[in-house]
$ cat upload-v6.csv   # CSV, C-alpha atoms
chain,number,residue,atom,x,y,z
A,12,MET,CA,-59.6,-68.3,16.9
A,13,THR,CA,-60.4,-66.3,13.7
A,14,ALA,CA,-58.1,-63.9,12.0
A,15,THR,CA,-59.4,-61.2,9.6
A,16,VAL,CA,-58.2,-61.0,6.0
A,17,SER,CA,-57.7,-57.5,4.7
A,18,THR,CA,-58.2,-56.6,1.1
A,19,ALA,CA,-55.1,-55.5,-0.7
A,20,ASP,CA,-53.5,-55.3,-4.1
A,21,THR,CA,-50.3,-57.2,-3.4
A,22,GLY,CA,-48.8,-55.9,-6.7
A,23,ARG,CA,-48.9,-52.3,-5.3
A,24,ASN,CA,-49.4,-52.5,-1.6
A,25,ALA,CA,-49.1,-55.7,0.4
A,26,MET,CA,-50.7,-55.0,3.8
A,27,SER,CA,-51.0,-56.6,7.2
A,28,LYS,CA,-54.4,-58.0,8.2
A,29,SER,CA,-55.0,-55.1,10.5
A,30,GLU,CA,-55.1,-52.6,7.6
A,31,ALA,CA,-57.8,-52.7,4.9
A,32,LEU,CA,-57.9,-51.2,1.4
A,33,THR,CA,-61.2,-51.5,-0.3
A,34,SER,CA,-61.9,-50.9,-4.0
A,35,ASP,CA,-65.0,-50.7,-6.2
A,36,THR,CA,-63.2,-52.8,-8.8
A,37,VAL,CA,-61.2,-55.9,-7.9
A,38,SER,CA,-59.6,-57.6,-10.8
A,39,ALA,CA,-60.0,-61.3,-11.4
A,40,PRO,CA,-57.4,-63.7,-10.2
A,41,PRO,CA,-54.4,-64.2,-12.5
A,42,ALA,CA,-54.3,-67.2,-14.8
A,43,HIS,CA,-51.7,-68.9,-12.7
A,44,ALA,CA,-53.8,-68.7,-9.5
A,45,VAL,CA,-54.6,-72.1,-7.9
A,46,ASP,CA,-58.2,-73.1,-7.5
A,47,ILE,CA,-58.7,-74.4,-4.0
A,48,GLY,CA,-62.4,-75.0,-4.3
A,49,GLY,CA,-65.4,-73.2,-2.8
A,50,GLY,CA,-65.0,-70.3,-5.2
A,51,HIS,CA,-61.5,-69.5,-3.9
A,52,MET,CA,-58.4,-69.0,-5.9
A,53,ILE,CA,-55.0,-68.3,-4.4
A,54,GLU,CA,-51.7,-66.9,-5.6
A,55,PHE,CA,-48.4,-67.4,-3.6
A,56,VAL,CA,-46.6,-64.1,-3.2
A,57,GLU,CA,-42.8,-63.8,-2.9
A,58,TYR,CA,-40.9,-61.2,-0.9
A,59,LYS,CA,-37.1,-61.1,-0.8
A,60,GLY,CA,-36.9,-64.7,-2.2
A,61,ASP,CA,-39.3,-66.1,0.4
A,62,THR,CA,-43.0,-67.0,0.2
A,63,ALA,CA,-44.5,-64.1,2.1
A,64,GLY,CA,-48.1,-65.2,1.9
A,65,ILE,CA,-51.0,-65.6,-0.4
A,66,THR,CA,-53.6,-63.5,-2.1
A,67,ASP,CA,-57.0,-65.1,-1.7
A,68,TRP,CA,-59.6,-64.3,-4.4
A,69,HIS,CA,-63.2,-65.2,-3.7
A,70,ARG,CA,-66.7,-64.1,-4.8
A,71,LYS,CA,-68.9,-61.7,-2.9
A,72,PRO,CA,-72.6,-62.5,-2.6
A,73,ASP,CA,-73.2,-60.3,-5.7
A,74,GLY,CA,-70.8,-62.3,-7.7
A,75,ALA,CA,-68.0,-59.7,-7.9
A,76,TRP,CA,-64.5,-60.6,-7.1
A,77,CYS,CA,-63.1,-59.8,-3.6
A,78,ARG,CA,-59.6,-60.5,-2.4
A,79,GLY,CA,-57.5,-60.6,0.7
A,80,TRP,CA,-53.9,-60.6,1.6
A,81,VAL,CA,-52.8,-63.4,4.0
A,82,SER,CA,-49.3,-63.0,5.3
A,83,PHE,CA,-47.4,-66.0,6.7
A,84,ASN,CA,-45.9,-65.7,10.2
A,85,GLY,CA,-42.1,-66.3,10.1
A,86,SER,CA,-41.7,-65.2,6.5
A,87,GLU,CA,-39.4,-62.4,5.6
A,88,TRP,CA,-42.6,-60.2,5.1
A,89,GLY,CA,-44.2,-61.5,8.3
A,90,LYS,CA,-41.2,-60.6,10.4
A,91,ASN,CA,-42.1,-56.9,9.7
A,92,PHE,CA,-45.5,-57.6,11.3
A,93,PRO,CA,-45.0,-60.0,14.2
A,94,GLY,CA,-48.1,-61.9,15.4
A,95,ASN,CA,-50.1,-60.3,12.6
A,96,GLY,CA,-50.3,-63.2,10.2
A,97,TRP,CA,-51.2,-66.9,9.7
A,98,ASP,CA,-49.3,-70.0,10.8
A,99,VAL,CA,-48.4,-72.4,8.0
A,100,ALA,CA,-49.2,-75.8,9.5
A,101,GLN,CA,-48.0,-77.4,6.3
A,102,ARG,CA,-47.0,-76.0,2.9
A,103,GLU,CA,-48.0,-79.0,0.7
A,104,PRO,CA,-50.9,-79.2,0.6
A,105,LEU,CA,-51.4,-75.8,2.2
A,106,THR,CA,-52.9,-75.7,5.6
A,107,LEU,CA,-53.2,-72.3,7.5
A,108,THR,CA,-54.4,-71.4,11.0
A,109,PRO,CA,-56.4,-69.7,12.2
A,110,SER,CA,-59.4,-69.3,9.8
A,111,LEU,CA,-59.8,-66.5,7.3
A,112,LEU,CA,-62.6,-63.9,7.7
A,113,CYS,CA,-63.0,-61.3,5.0
A,114,ARG,CA,-63.8,-57.9,6.5
A,115,VAL,CA,-65.2,-56.7,3.2
A,116,CYS,CA,-67.7,-59.4,2.3
A,117,GLY,CA,-67.9,-61.6,5.4
A,118,ASP,CA,-66.6,-64.8,3.6
A,119,HIS,CA,-65.3,-67.1,6.3
A,120,GLY,CA,-63.5,-70.4,6.2
A,121,PHE,CA,-60.3,-72.4,6.5
A,122,ILE,CA,-57.5,-73.5,4.1
A,123,THR,CA,-57.0,-77.1,5.0
A,124,ASN,CA,-55.0,-79.7,3.0
A,125,GLY,CA,-55.0,-77.3,0.0
A,126,ARG,CA,-58.8,-76.9,0.0
A,127,TRP,CA,-61.2,-74.2,1.1
A,128,VAL,CA,-63.5,-75.4,3.9
A,129,LYS,CA,-66.4,-73.0,4.6
A,130,ALA,CA,-66.7,-72.2,8.3

$ encode --input "upload-v6.csv" --output "structure tokens"
Amino acid sequence: MTATVSTADTGRNAMSKSEALTSDTVSAPPAHAVDIGGGHMIEFVEYKGDTAGITDWHRKPDGAWCRGWVSFNGSEWGKNFPGNGWDVAQREPLTLTPSLLCRVCGDHGFITNGRWVKA
């Protein structure tokens, strides 16, 4: 099973994966983003004192940054969008299911044991 990552600016507009927001300019990941390999950087996002999900930054084929919002099922945020997020198989190191597929650039893979694994 593959789930689709939507692009979103989580600072302004965290979105469920069924909604997409595209932009001509996507900023680079913040300095505190975690490098998970494969050209991917993630930032954990909090909502009401709970980890709501991650923002996943990755490079498009042209080298520009792309990003997607990945909500966690069962989180305070995820409760607003039941069945519309990813399952956290383990938090440390992070493992999510199903895979992530970017609707903007087509990047596809898994976050397994804290690393990006290309599909």

$ residues_near_point --input "upload-v6.csv" --point "(-50.7, -63.8, 10.3)" --cutoff "9 Å" --atoms "only C-alpha atoms" --output "PyMOL selection string"
chain A and resi 14+27-28+64+81-85+89+92-98+108-109

$ closest_residue --input "upload-v6.csv" --among "A:Arg78, A:His51, A:His43, A:Lys90" --to "Lys129 of chain A" --atoms "all atoms listed in the file"
A:His51

$ residues_around --input "upload-v6.csv" --residues "Gln101 of chain A" --least-positions-apart "3" --cutoff "10 Å" --atoms "all atoms listed in the file" --output "PDB file with C-alpha atoms, keeping the file's coordinate frame"
ATOM      1  CA  ASP A  98     -49.300 -70.000  10.800  1.00  0.00           C
ATOM      2  CA  PRO A 104     -50.900 -79.200   0.600  1.00  0.00           C
ATOM      3  CA  LEU A 105     -51.400 -75.800   2.200  1.00  0.00           C
ATOM      4  CA  THR A 106     -52.900 -75.700   5.600  1.00  0.00           C
ATOM      5  CA  LEU A 107     -53.200 -72.300   7.500  1.00  0.00           C
ATOM      6  CA  THR A 108     -54.400 -71.400  11.000  1.00  0.00           C
ATOM      7  CA  THR A 123     -57.000 -77.100   5.000  1.00  0.00           C
ATOM      8  CA  ASN A 124     -55.000 -79.700   3.000  1.00  0.00           C
ATOM      9  CA  GLY A 125     -55.000 -77.300   0.000  1.00  0.00           C
TER      10      GLY A 125
END

$ closest_residue --input "upload-v6.csv" --among "A:Arg114, A:Val56, A:Val99, A:Gly120" --to "Gly79 of chain A" --atoms "all atoms listed in the file"
A:Arg114

$ residues_around --input "upload-v6.csv" --residues "Trp76 of chain A" --least-positions-apart "3" --cutoff "6 Å" --atoms "all atoms listed in the file" --output "list in words"
Val37, His69 and Arg70 of chain A

$ atom_distance --input "upload-v6.csv" --atom1 "atom CA of Gly49 of chain A" --atom2 "atom CA of Val128 of chain A"
7.3 Å

$ residues_around --input "upload-v6.csv" --residues "Pro40 of chain A" --least-positions-apart "5" --cutoff "12 Å" --atoms "only C-alpha atoms" --output "list in words"
Asp20, Thr21, Val45, Asp46, Gly50, His51, Met52, Ile53, Glu54, Phe55, Ile65, Thr66, Asp67, Trp68, His69, Arg70, Ala75, Trp76, Cys77, Arg78 and Gly79 of chain A

$ write_last_selection --input "upload-v6.csv" --atoms "C-alpha atoms" --output "short mmCIF file (atom, residue, chain, number, x, y, z; two decimals), in the frame of the given file"
data_model
loop_
_atom_site.label_atom_id
_atom_site.label_comp_id
_atom_site.auth_asym_id
_atom_site.auth_seq_id
_atom_site.Cartn_x
_atom_site.Cartn_y
_atom_site.Cartn_z
CA ASP A 20 -53.50 -55.30 -4.10
CA THR A 21 -50.30 -57.20 -3.40
CA VAL A 45 -54.60 -72.10 -7.90
CA ASP A 46 -58.20 -73.10 -7.50
CA GLY A 50 -65.00 -70.30 -5.20
CA HIS A 51 -61.50 -69.50 -3.90
CA MET A 52 -58.40 -69.00 -5.90
CA ILE A 53 -55.00 -68.30 -4.40
CA GLU A 54 -51.70 -66.90 -5.60
CA PHE A 55 -48.40 -67.40 -3.60
CA ILE A 65 -51.00 -65.60 -0.40
CA THR A 66 -53.60 -63.50 -2.10
CA ASP A 67 -57.00 -65.10 -1.70
CA TRP A 68 -59.60 -64.30 -4.40
CA HIS A 69 -63.20 -65.20 -3.70
CA ARG A 70 -66.70 -64.10 -4.80
CA ALA A 75 -68.00 -59.70 -7.90
CA TRP A 76 -64.50 -60.60 -7.10
CA CYS A 77 -63.10 -59.80 -3.60
CA ARG A 78 -59.60 -60.50 -2.40
CA GLY A 79 -57.50 -60.60 0.70
#

$ atom_distance --input "upload-v6.csv" --atom1 "atom CA of Leu112 of chain A" --atom2 "atom CA of Glu57 of chain A"
22.5 Å

$ atom_distance --input "upload-v6.csv" --atom1 "atom CA of Ala42 of chain A" --atom2 "atom CA of Trp80 of chain A"
17.7 Å

$ closest_residue --input "upload-v6.csv" --among "A:Val115, A:Asn91, A:Ala130, A:Phe121" --to "Pro72 of chain A" --atoms "all atoms listed in the file"
A:Val115

$ closest_residue --input "upload-v6.csv" --among "A:Ser110, A:Asp61, A:Trp127, A:Cys116" --to "Gly48 of chain A" --atoms "all atoms listed in the file"
A:Trp127

$ closest_residue --input "upload-v6.csv" --among "A:Cys113, A:Pro41, A:Trp88, A:Glu103" --to "Lys71 of chain A" --atoms "only C-alpha atoms"
A:Cys113
